[in-house]
>>> print(open('model.cif').read())   # mmCIF, C-alpha atoms
data_entry
#
loop_
_atom_site.label_atom_id
_atom_site.label_comp_id
_atom_site.auth_asym_id
_atom_site.auth_seq_id
_atom_site.Cartn_x
_atom_site.Cartn_y
_atom_site.Cartn_z
CA GLN A 152 16.88 81.10 -31.25
CA LYS A 153 18.20 82.99 -28.25
CA GLU A 154 15.53 85.00 -26.54
CA VAL A 155 17.67 88.08 -25.94
CA GLU A 156 20.57 88.73 -28.27
CA GLN A 157 23.46 91.12 -27.91
CA ASN A 158 26.69 91.61 -29.78
CA SER A 159 29.35 90.20 -27.45
CA GLY A 160 31.87 92.82 -28.50
CA PRO A 161 34.27 93.97 -27.35
CA LEU A 162 33.11 97.47 -28.19
CA SER A 163 35.95 99.93 -27.85
CA VAL A 164 35.34 103.69 -27.70
CA PRO A 165 37.62 106.58 -26.77
CA GLU A 166 37.05 108.53 -23.59
CA GLY A 167 34.39 111.20 -24.08
CA ALA A 168 32.70 109.43 -26.98
CA ILE A 169 29.20 107.96 -27.13
CA ALA A 170 28.96 104.22 -26.62
CA SER A 171 25.98 102.54 -28.29
CA LEU A 172 24.89 99.12 -27.07
CA ASN A 173 22.15 97.17 -28.82
CA CYS A 174 19.85 94.29 -27.98
CA THR A 175 17.02 92.42 -29.68
CA TYR A 176 14.46 90.13 -28.10
CA SER A 177 12.23 87.43 -29.49
CA ASP A 178 9.26 87.29 -27.09
CA ARG A 179 6.69 89.87 -28.15
CA GLY A 180 5.03 89.39 -24.77
CA SER A 181 8.02 90.93 -23.02
CA GLN A 182 6.86 93.85 -20.94
CA SER A 183 9.87 95.38 -19.26
CA PHE A 184 13.46 95.83 -20.28
CA PHE A 185 16.55 96.43 -18.21
CA TRP A 186 20.19 97.22 -18.62
CA TYR A 187 22.64 95.93 -16.06
CA ARG A 188 26.33 96.70 -15.78
CA GLN A 189 28.68 93.99 -14.54
CA TYR A 190 32.27 94.63 -13.61
CA SER A 191 34.63 91.69 -13.71
CA GLY A 192 34.21 89.53 -10.62
CA LYS A 193 31.15 91.46 -9.45
CA SER A 194 27.42 90.91 -9.65
CA PRO A 195 25.19 92.75 -12.15
CA GLU A 196 24.10 96.25 -11.15
CA LEU A 197 20.88 97.72 -12.49
CA ILE A 198 21.49 100.97 -14.35
CA MET A 199 18.36 101.54 -16.46
CA SER A 200 14.84 100.23 -16.89
CA ILE A 201 12.42 101.04 -19.71
CA TYR A 202 8.83 99.97 -20.13
CA SER A 203 7.34 101.95 -23.02
CA ASN A 204 8.41 102.88 -26.53
CA GLY A 205 10.72 105.82 -26.86
CA ASP A 206 13.68 107.18 -24.98
CA LYS A 207 14.40 107.36 -21.28
CA GLU A 208 17.28 109.43 -20.01
CA ASP A 209 19.12 109.20 -16.70
CA GLY A 210 22.27 111.24 -16.44
CA ARG A 211 24.73 110.07 -19.08
CA PHE A 212 22.58 107.05 -19.92
CA THR A 213 19.73 106.89 -22.43
CA ALA A 214 17.71 103.75 -22.99
CA GLN A 215 15.67 103.38 -26.17
CA LEU A 216 12.86 100.90 -26.77
CA ASN A 217 11.12 100.01 -30.02
CA LYS A 218 8.60 97.22 -29.38
CA ALA A 219 7.57 96.97 -33.03
CA SER A 220 11.16 96.15 -33.99
CA GLN A 221 11.77 94.25 -30.72
CA TYR A 222 14.84 96.34 -30.16
CA VAL A 223 16.38 97.94 -27.08
CA SER A 224 19.47 100.08 -26.93
CA LEU A 225 21.60 101.89 -24.39
CA LEU A 226 23.58 105.02 -25.15
CA ILE A 227 26.33 106.15 -22.81
CA ARG A 228 27.38 109.74 -23.40
CA ASP A 229 30.77 111.15 -22.42
CA SER A 230 32.09 107.62 -21.85
CA GLN A 231 34.60 107.25 -19.03
CA PRO A 232 37.19 104.52 -18.38
CA SER A 233 35.09 103.60 -15.33
CA ASP A 234 32.28 102.63 -17.73
CA SER A 235 34.41 99.73 -18.97
CA ALA A 236 32.35 96.67 -18.05
CA THR A 237 30.00 94.10 -19.51
CA TYR A 238 26.51 95.43 -20.19
CA LEU A 239 23.65 92.98 -19.92
CA CYS A 240 20.31 93.52 -21.60
CA ALA A 241 17.34 91.80 -19.97
CA ALA A 242 13.69 91.29 -20.83
CA PHE A 243 10.94 90.45 -18.35
CA THR A 244 8.55 88.03 -20.01
CA GLY A 245 4.93 87.31 -19.21
CA GLY A 246 6.03 84.13 -17.45
CA PHE A 247 7.58 85.95 -14.50
CA LYS A 248 10.96 85.23 -15.94
CA THR A 249 13.68 87.73 -16.76
CA ILE A 250 15.89 86.60 -19.60
CA PHE A 251 19.36 88.02 -20.03
CA GLY A 252 21.46 88.46 -23.10
CA ALA A 253 25.04 87.24 -23.11
CA GLY A 254 26.30 90.77 -22.59
CA THR A 255 28.43 93.25 -24.52
CA ARG A 256 31.90 94.03 -23.27
CA LEU A 257 32.68 97.73 -23.42
CA PHE A 258 36.18 99.19 -23.25
CA VAL A 259 36.61 102.93 -22.88
CA LYS A 260 40.14 103.99 -23.77
CA ALA A 261 41.66 106.89 -21.85
CA LYS Z 215 18.03 99.66 3.31
CA ALA Z 216 20.08 96.47 3.26
CA GLY Z 217 20.70 94.88 -0.11
CA VAL Z 218 20.33 91.30 -1.21
CA THR Z 219 22.46 88.99 0.90
CA GLN Z 220 23.74 85.67 -0.35
CA THR Z 221 25.56 83.13 1.74
CA PRO Z 222 28.05 81.66 1.57
CA ARG Z 223 30.15 83.75 -0.81
CA TYR Z 224 32.42 80.86 -1.77
CA LEU Z 225 32.05 77.11 -1.69
CA ILE Z 226 34.21 74.20 -2.75
CA LYS Z 227 32.44 70.87 -3.04
CA THR Z 228 33.28 67.42 -4.35
CA ARG Z 229 31.46 65.70 -7.18
CA GLY Z 230 28.45 63.81 -5.93
CA GLN Z 231 27.88 66.02 -2.91
CA GLN Z 232 24.95 68.34 -2.46
CA VAL Z 233 24.93 72.02 -1.65
CA THR Z 234 22.45 74.57 -0.31
CA LEU Z 235 22.74 78.26 -1.07
CA SER Z 236 20.83 80.98 0.73
CA CYS Z 237 19.42 84.33 -0.37
CA SER Z 238 17.87 87.03 1.81
CA PRO Z 239 16.02 89.58 -0.33
CA ILE Z 240 15.68 93.30 0.20
CA SER Z 241 13.16 94.02 2.93
CA GLY Z 242 9.67 94.15 1.44
CA HIS Z 243 10.57 92.24 -1.71
CA ARG Z 244 8.53 89.09 -2.21
CA SER Z 245 10.13 87.77 -5.38
CA VAL Z 246 13.42 85.94 -5.54
CA SER Z 247 14.94 84.69 -8.77
CA TRP Z 248 17.98 82.47 -9.09
CA TYR Z 249 20.48 82.46 -11.92
CA GLN Z 250 23.55 80.49 -12.86
CA GLN Z 251 26.34 82.42 -14.53
CA THR Z 252 29.18 80.75 -16.39
CA PRO Z 253 31.63 82.24 -18.90
CA GLY Z 254 30.27 80.14 -21.71
CA GLN Z 255 26.52 80.36 -21.08
CA GLY Z 256 26.07 83.75 -19.48
CA LEU Z 257 23.22 84.30 -17.03
CA GLN Z 258 20.82 81.38 -17.13
CA PHE Z 259 17.47 81.53 -15.34
CA LEU Z 260 16.94 78.79 -12.77
CA PHE Z 261 13.64 79.63 -11.07
CA GLU Z 262 11.55 82.39 -9.56
CA TYR Z 263 9.64 82.35 -6.30
CA PHE Z 264 6.95 84.72 -5.11
CA SER Z 265 5.21 84.37 -1.77
CA GLU Z 266 6.56 80.84 -1.32
CA THR Z 267 5.32 79.69 -4.75
CA GLN Z 268 7.50 78.82 -7.70
CA ARG Z 269 6.09 80.76 -10.63
CA ASN Z 270 8.56 79.73 -13.28
CA LYS Z 271 11.45 77.38 -13.80
CA GLY Z 272 14.27 77.35 -16.31
CA ASN Z 273 15.66 74.43 -18.28
CA PHE Z 274 17.78 72.81 -15.61
CA PRO Z 275 17.75 69.20 -14.46
CA GLY Z 276 15.77 68.16 -11.41
CA ARG Z 277 18.97 68.17 -9.37
CA PHE Z 278 18.41 71.90 -9.05
CA SER Z 279 15.64 72.82 -6.67
CA GLY Z 280 14.62 75.73 -4.57
CA ARG Z 281 12.18 76.98 -2.03
CA GLN Z 282 11.06 80.19 -0.43
CA PHE Z 283 10.08 80.75 3.16
CA SER Z 284 7.35 82.91 4.60
CA ASN Z 285 9.86 85.69 5.32
CA SER Z 286 10.77 85.68 1.58
CA ARG Z 287 14.21 84.22 2.18
CA SER Z 288 15.04 81.61 -0.40
CA GLU Z 289 17.31 78.64 -0.70
CA MET Z 290 18.43 76.67 -3.68
CA ASN Z 291 19.77 73.15 -3.53
CA VAL Z 292 21.88 71.24 -5.98
CA SER Z 293 22.16 67.53 -5.44
CA THR Z 294 24.67 65.08 -6.88
CA LEU Z 295 27.04 67.84 -7.93
CA GLU Z 296 28.81 67.63 -11.26
CA LEU Z 297 31.93 69.44 -12.42
CA GLY Z 298 29.77 71.46 -14.81
CA ASP Z 299 27.84 72.92 -11.91
CA SER Z 300 30.83 75.12 -11.09
CA ALA Z 301 29.52 78.62 -11.56
CA LEU Z 302 28.52 81.88 -9.93
CA TYR Z 303 25.01 81.53 -8.54
CA LEU Z 304 23.16 84.80 -8.27
CA CYS Z 305 19.86 85.65 -6.72
CA ALA Z 306 17.86 88.75 -7.51
CA SER Z 307 15.04 90.18 -5.45
CA GLY Z 308 12.20 92.43 -6.48
CA PRO Z 309 8.61 93.31 -5.68
CA GLY Z 310 7.57 90.59 -8.11
CA THR Z 311 5.02 92.53 -10.10
CA PRO Z 312 5.42 93.37 -13.80
CA ASN Z 313 7.34 96.50 -14.67
CA THR Z 314 9.40 96.40 -11.51
CA GLU Z 315 13.11 96.12 -11.12
CA ALA Z 316 15.19 93.35 -9.62
CA PHE Z 317 18.43 93.70 -7.72
CA PHE Z 318 21.20 91.16 -7.44
CA GLY Z 319 23.12 89.88 -4.49
CA GLN Z 320 26.88 89.41 -4.58
CA GLY Z 321 26.55 85.79 -5.58
CA THR Z 322 27.91 82.49 -4.37
CA ARG Z 323 30.91 81.14 -6.24
CA LEU Z 324 30.60 77.35 -6.31
CA THR Z 325 33.54 75.23 -7.36
CA VAL Z 326 33.03 71.50 -7.82
CA VAL Z 327 36.19 69.41 -7.77
#
>>> encode(input="model.cif", output="structure tokens")
Amino acid sequence: QKEVEQNSGPLSVPEGAIASLNCTYSDRGSQSFFWYRQYSGKSPELIMSIYSNGDKEDGRFTAQLNKASQYVSLLIRDSQPSDSATYLCAAFTGGFKTIFGAGTRLFVKA
Amino acid sequence: KAGVTQTPRYLIKTRGQQVTLSCSPISGHRSVSWYQQTPGQGLQFLFEYFSETQRNKGNFPGRFSGRQFSNSRSEMNVSTLELGDSALYLCASGPGTPNTEAFFGQGTRLTVV
């Protein structure tokens, strides 16, 4: 069983819409969760971190965490073509190891 | 504040050779993690170092090794290169304590021919 699972996509949304990206994790000891954005040919860029249950908002991005369901999500409001990238969900485990999902490719159509 | 610096950016090596990659973390960061990224496997954890100590290691053969120096700079070494080692190798630096964020360097693209 993969430790962090994401739908590989591609997820296609029109410009201005809300993009919803989802992630589940298997290690209940995971303490911290992160969303990274990776453009083709570039390295991952941290866009959100979340540590406790509930929602965390930063600009157009909202991260949601539900530890009971072992579920993390990222909402991108007012999606722009520049948001087209692969989004990686990551979980920091108790073993000082951050595990990444395979990523969801997002396409925002102009 | 300077970001994470990885050198070299690109490498071409022949099967059987060895290679050393370098990572300089953000100033003040004591943790360096290394990852291998391939199209088929995604980001795979190699190892994590904190204050010169390896705290965790991923499921890679012993040909992959690393170390961290007292100034927090880290190197990883791959011996007896195989074609399957062709990948983007990324390092990420962070404070190294729980609930803290890690930031990636630009990566080293290794091609084994």
>>> interface_residues(input="model.cif", of="chain A", to="chain Z", cutoff="8 Å", atoms="only C-alpha atoms", output="list in words")
Gln182, Ser183, Phe185, Lys193, Ser194, Pro195, Glu196, Leu197, Ser200, Tyr202, Phe243, Gly246, Phe247, Lys248, Thr249, Ile250, Phe251, Gly252, Ala253 and Gly254 of chain A
>>> resolve_selection(input="model.cif", expression="the PyMOL selection byres ((chain Z and resi 242) around 12)", output="VMD selection string")
chain Z and resid 215 to 218 238 to 241 243 to 246 264 to 265 284 to 287 307 to 310
>>> resolve_selection(input="model.cif", expression="the PyMOL selection byres ((chain A and resi 156) around 8)", output="ChimeraX atom specification")
/A:153-155,157-158,174-176,252-253
>>> residues_around(input="model.cif", residues="Glu289 of chain Z", least_positions_apart="6", cutoff="9 Å", atoms="all atoms listed in the file", output="CSV table (one decimal) with C-alpha atoms, in the coordinates of the input")
chain,number,residue,atom,x,y,z
Z,234,THR,CA,22.4,74.6,-0.3
Z,235,LEU,CA,22.7,78.3,-1.1
Z,236,SER,CA,20.8,81.0,0.7
Z,237,CYS,CA,19.4,84.3,-0.4
Z,238,SER,CA,17.9,87.0,1.8
Z,279,SER,CA,15.6,72.8,-6.7
Z,280,GLY,CA,14.6,75.7,-4.6
Z,281,ARG,CA,12.2,77.0,-2.0
Z,282,GLN,CA,11.1,80.2,-0.4
Z,283,PHE,CA,10.1,80.8,3.2
>>> closest_residue(input="model.cif", among="A:Phe212, A:Ala241, A:Val259, A:Ser159", to="Arg228 of chain A", atoms="only C-alpha atoms")
A:Phe212
>>> closest_residue(input="model.cif", among="A:Phe184, A:Asp234, A:Ser171, A:Ser203", to="Ala261 of chain A", atoms="only C-alpha atoms")
A:Asp234
>>> atom_distance(input="model.cif", atom1="atom CA of Ala170 of chain A", atom2="atom CA of Ala236 of chain A")
11.9 Å
>>> closest_residue(input="model.cif", among="A:Ser177, A:Gly167, A:Ile201, A:Pro161", to="Gln215 of chain A", atoms="all atoms listed in the file")
A:Ile201
>>> residues_around(input="model.cif", residues="Leu225 of chain Z", least_positions_apart="5", cutoff="10 Å", atoms="only C-alpha atoms", output="PyMOL selection string")
chain Z and resi 233+235+300+322-326
>>> resolve_selection(input="model.cif", expression="the PyMOL selection byres ((chain A and resi 186) around 6)", output="PyMOL selection string")
chain A and resi 185+187+198-199+239-240
>>> atom_distance(input="model.cif", atom1="atom CA of Gln231 of chain A", atom2="atom CA of Phe258 of chain A")
9.2 Å
>>> atom_distance(input="model.cif", atom1="atom CA of Arg223 of chain Z", atom2="atom CA of Phe278 of chain Z")
18.6 Å
>>> residues_near_point(input="model.cif", point="(26.1, 66.2, -3.4)", cutoff="8 Å", atoms="only C-alpha atoms", output="PyMOL selection string")
chain Z and resi 227-233+292-295
